[in-house]
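Here is the structure we will look at, set down as structure tokens.
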Amino acid sequence: RASFSSRTFRRSVALSMRPRAMVRADKALLLGGTPPVAPGEDPYAVYDGRKGGLLWVMAADGGAKLAEIQLASPPVWDGMAVTGGRVYLSACDGTVSCLGAP
């Protein structure tokens, strides 16, 4: 039986996004998700993917945000992969994108 109460975490960073996909690539941590939930006329728009998505590149050793990319649609759950210097992202709208070097 696993117990997480005695586990010591090295670092904790508050996020202003709701992650759905995460992958480590060398010295970077890529997070894909949705914007934070904001009260308004349509509170379910974020969950439905109608407010777009976000891709963050963070330093794996310190948690500093290095870059942020706005996406037309958020990634599906665990819908990112990295290989050959490229990021492949499967989005909720059914598209697959390749970001990185040509």
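Note on naming: chains are A, B, ... as they come in the structure tokens, residues start from 1 per chain, ligands start from 1 in the order shown.
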
Just want the 8 Å neighbourhood of segment 68-72 of chain A, counted on only C-alpha atoms, with same-chain residues fewer than 2 positions away dropped. Output as an mmCIF file with all heavy atoms, in the first residue's frame.
```
data_model
loop_
_atom_site.group_PDB
_atom_site.id
_atom_site.type_symbol
_atom_site.label_atom_id
_atom_site.label_comp_id
_atom_site.auth_asym_id
_atom_site.auth_seq_id
_atom_site.Cartn_x
_atom_site.Cartn_y
_atom_site.Cartn_z
ATOM 1 N N GLY A 52 -9.996 27.604 -25.601
ATOM 2 C CA GLY A 52 -8.659 27.328 -26.104
ATOM 3 C C GLY A 52 -7.808 26.592 -25.090
ATOM 4 O O GLY A 52 -8.290 26.113 -24.066
ATOM 5 N N GLY A 53 -6.545 26.485 -25.406
ATOM 6 C CA GLY A 53 -5.627 25.769 -24.532
ATOM 7 C C GLY A 53 -4.321 26.522 -24.376
ATOM 8 O O GLY A 53 -4.104 27.566 -24.986
ATOM 9 N N LEU A 54 -3.474 25.968 -23.537
ATOM 10 C CA LEU A 54 -2.171 26.563 -23.257
ATOM 11 C C LEU A 54 -1.100 25.488 -23.318
ATOM 12 O O LEU A 54 -1.334 24.339 -22.945
ATOM 13 C CB LEU A 54 -2.150 27.185 -21.860
ATOM 14 C CG LEU A 54 -3.127 28.306 -21.570
ATOM 15 C CD1 LEU A 54 -3.145 28.607 -20.072
ATOM 16 C CD2 LEU A 54 -2.750 29.544 -22.348
ATOM 17 N N LEU A 55 0.072 25.875 -23.768
ATOM 18 C CA LEU A 55 1.255 25.025 -23.692
ATOM 19 C C LEU A 55 2.336 25.844 -23.016
ATOM 20 O O LEU A 55 2.686 26.927 -23.486
ATOM 21 C CB LEU A 55 1.723 24.588 -25.089
ATOM 22 C CG LEU A 55 3.011 23.772 -25.123
ATOM 23 C CD1 LEU A 55 2.842 22.449 -24.387
ATOM 24 C CD2 LEU A 55 3.447 23.533 -26.553
ATOM 25 N N TRP A 56 2.793 25.362 -21.877
ATOM 26 C CA TRP A 56 3.856 26.045 -21.137
ATOM 27 C C TRP A 56 5.132 25.220 -21.236
ATOM 28 O O TRP A 56 5.100 23.992 -21.158
ATOM 29 C CB TRP A 56 3.506 26.170 -19.667
ATOM 30 C CG TRP A 56 2.498 27.201 -19.313
ATOM 31 C CD1 TRP A 56 1.737 27.954 -20.167
ATOM 32 C CD2 TRP A 56 2.122 27.591 -18.002
ATOM 33 N NE1 TRP A 56 0.906 28.783 -19.445
ATOM 34 C CE2 TRP A 56 1.121 28.582 -18.115
ATOM 35 C CE3 TRP A 56 2.519 27.204 -16.740
ATOM 36 C CZ2 TRP A 56 0.529 29.182 -17.017
ATOM 37 C CZ3 TRP A 56 1.933 27.788 -15.640
ATOM 38 C CH2 TRP A 56 0.957 28.777 -15.789
ATOM 39 N N VAL A 57 6.250 25.923 -21.344
ATOM 40 C CA VAL A 57 7.567 25.306 -21.241
ATOM 41 C C VAL A 57 8.177 25.836 -19.958
ATOM 42 O O VAL A 57 8.282 27.050 -19.764
ATOM 43 C CB VAL A 57 8.465 25.663 -22.449
ATOM 44 C CG1 VAL A 57 9.826 25.013 -22.294
ATOM 45 C CG2 VAL A 57 7.798 25.263 -23.750
ATOM 46 N N LYS A 65 8.781 29.552 -15.585
ATOM 47 C CA LYS A 65 8.135 29.478 -16.898
ATOM 48 C C LYS A 65 9.039 30.127 -17.935
ATOM 49 O O LYS A 65 9.412 31.286 -17.816
ATOM 50 C CB LYS A 65 6.769 30.154 -16.870
ATOM 51 C CG LYS A 65 6.045 29.985 -18.193
ATOM 52 C CD LYS A 65 4.567 30.348 -18.240
ATOM 53 C CE LYS A 65 4.113 31.487 -17.444
ATOM 54 N NZ LYS A 65 2.752 31.929 -17.814
ATOM 55 N N LEU A 66 9.390 29.360 -18.967
ATOM 56 C CA LEU A 66 10.275 29.827 -20.024
ATOM 57 C C LEU A 66 9.507 30.334 -21.244
ATOM 58 O O LEU A 66 9.976 31.218 -21.948
ATOM 59 C CB LEU A 66 11.225 28.706 -20.445
ATOM 60 C CG LEU A 66 12.053 28.072 -19.328
ATOM 61 C CD1 LEU A 66 12.836 26.878 -19.857
ATOM 62 C CD2 LEU A 66 12.967 29.101 -18.702
ATOM 63 N N PRO A 74 -7.407 22.729 -26.215
ATOM 64 C CA PRO A 74 -6.506 22.108 -25.236
ATOM 65 C C PRO A 74 -6.157 20.678 -25.628
ATOM 66 O O PRO A 74 -6.877 20.042 -26.392
ATOM 67 C CB PRO A 74 -7.319 22.135 -23.937
ATOM 68 C CG PRO A 74 -8.733 22.244 -24.355
ATOM 69 C CD PRO A 74 -8.746 22.954 -25.668
#
```

* To do: Might you pull out every residue within 8 Å of Arg50 of chain A, with only C-alpha atoms counted and same-chain residues fewer than 4 positions away left off, and present them as an MDAnalysis selection string?
  => chainID A and resid 45:46 73

* Counting only C-alpha atoms, the option among A:Pro43, A:Ala21, A:Pro36, A:Leu30 closest to Leu99 of chain A ->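 Using only C-alpha atoms, Leu99 of chain A sits closest to A:Leu30.
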
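Rounded to one decimal, atom CA of Asp78 of chain A and atom CA of Lys51 of chain A lie 19.0 Å from each other.
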
* **Nearest to Arg20 of chain A by atom-to-atom distance, counting only C-alpha atoms, from A:Gly62, A:Gly100, A:Pro75, A:Gly40** =>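 Looking at the shortest contact to Arg20 of chain A, the residue is A:Pro75.
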
* May I have the residues within 8 Å of Arg18 of chain A as a VMD selection string, using only C-alpha atoms and disregarding those fewer than 6 positions away in the same chain? => chain A and resid 33 to 36

* Tell me, which residues of chain A carry DSSP strand (DSSP E), written as an NGL selection string? -> :A and (18-25 or 28-34 or 53-59 or 65-71 or 75-83 or 86-91 or 96-100)

Print the selection's residues with C-alpha atoms to a file, as an mmCIF file, in the first residue's frame.
```
data_model
loop_
_atom_site.group_PDB
_atom_site.id
_atom_site.type_symbol
_atom_site.label_atom_id
_atom_site.label_comp_id
_atom_site.auth_asym_id
_atom_site.auth_seq_id
_atom_site.Cartn_x
_atom_site.Cartn_y
_atom_site.Cartn_z
ATOM 1 C CA ARG A 18 -5.269 23.372 -15.387
ATOM 2 C CA PRO A 19 -2.779 20.791 -16.735
ATOM 3 C CA ARG A 20 -4.021 17.829 -18.802
ATOM 4 C CA ALA A 21 -0.743 16.641 -20.340
ATOM 5 C CA MET A 22 2.845 16.762 -19.116
ATOM 6 C CA VAL A 23 6.137 15.552 -20.538
ATOM 7 C CA ARG A 24 9.775 16.103 -19.633
ATOM 8 C CA ALA A 25 12.241 16.800 -22.419
ATOM 9 C CA ALA A 28 12.377 21.353 -19.776
ATOM 10 C CA LEU A 29 8.963 20.327 -18.528
ATOM 11 C CA LEU A 30 6.106 20.863 -20.973
ATOM 12 C CA LEU A 31 2.601 21.340 -19.598
ATOM 13 C CA GLY A 32 -0.482 21.418 -21.798
ATOM 14 C CA GLY A 33 -3.871 22.339 -20.448
ATOM 15 C CA THR A 34 -6.687 24.828 -20.145
ATOM 16 C CA GLY A 53 -5.627 25.769 -24.532
ATOM 17 C CA LEU A 54 -2.171 26.563 -23.257
ATOM 18 C CA LEU A 55 1.255 25.025 -23.692
ATOM 19 C CA TRP A 56 3.856 26.045 -21.137
ATOM 20 C CA VAL A 57 7.567 25.306 -21.241
ATOM 21 C CA MET A 58 9.058 25.298 -17.755
ATOM 22 C CA ALA A 59 12.560 24.768 -16.404
ATOM 23 C CA LYS A 65 8.135 29.478 -16.898
ATOM 24 C CA LEU A 66 10.275 29.827 -20.024
ATOM 25 C CA ALA A 67 7.547 30.152 -22.672
ATOM 26 C CA GLU A 68 3.776 30.108 -23.148
ATOM 27 C CA ILE A 69 1.915 29.258 -26.356
ATOM 28 C CA GLN A 70 -1.812 29.808 -26.890
ATOM 29 C CA LEU A 71 -3.551 26.818 -28.479
ATOM 30 C CA PRO A 75 -4.681 18.778 -25.380
ATOM 31 C CA VAL A 76 -6.508 15.561 -24.605
ATOM 32 C CA TRP A 77 -5.569 13.805 -21.357
ATOM 33 C CA ASP A 78 -1.896 12.718 -21.665
ATOM 34 C CA GLY A 79 -1.951 13.841 -25.304
ATOM 35 C CA MET A 80 1.651 15.030 -25.733
ATOM 36 C CA ALA A 81 4.854 13.349 -26.869
ATOM 37 C CA VAL A 82 8.364 14.653 -27.534
ATOM 38 C CA THR A 83 10.880 13.206 -29.959
ATOM 39 C CA ARG A 86 9.511 18.248 -31.723
ATOM 40 C CA VAL A 87 6.365 18.253 -29.602
ATOM 41 C CA TYR A 88 3.364 16.284 -30.877
ATOM 42 C CA LEU A 89 0.067 17.346 -29.357
ATOM 43 C CA SER A 90 -3.348 15.663 -29.723
ATOM 44 C CA ALA A 91 -6.072 18.248 -29.116
ATOM 45 C CA VAL A 96 -2.738 16.603 -34.071
ATOM 46 C CA SER A 97 -0.074 19.326 -34.122
ATOM 47 C CA CYS A 98 3.691 19.176 -34.470
ATOM 48 C CA LEU A 99 5.618 22.023 -32.878
ATOM 49 C CA GLY A 100 9.353 22.489 -33.152
#
```

* To do: Could you jot down the atom CA of Ala60 of chain A to atom CA of Tyr47 of chain A separation for me, Å, one decimal place?
  => 27.0 Å

* How far is it from atom CA of Asp48 of chain A to atom CA of Ser16 of chain A, in Å with one decimal? ->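 Separation between atom CA of Asp48 of chain A and atom CA of Ser16 of chain A: 17.8 Å.
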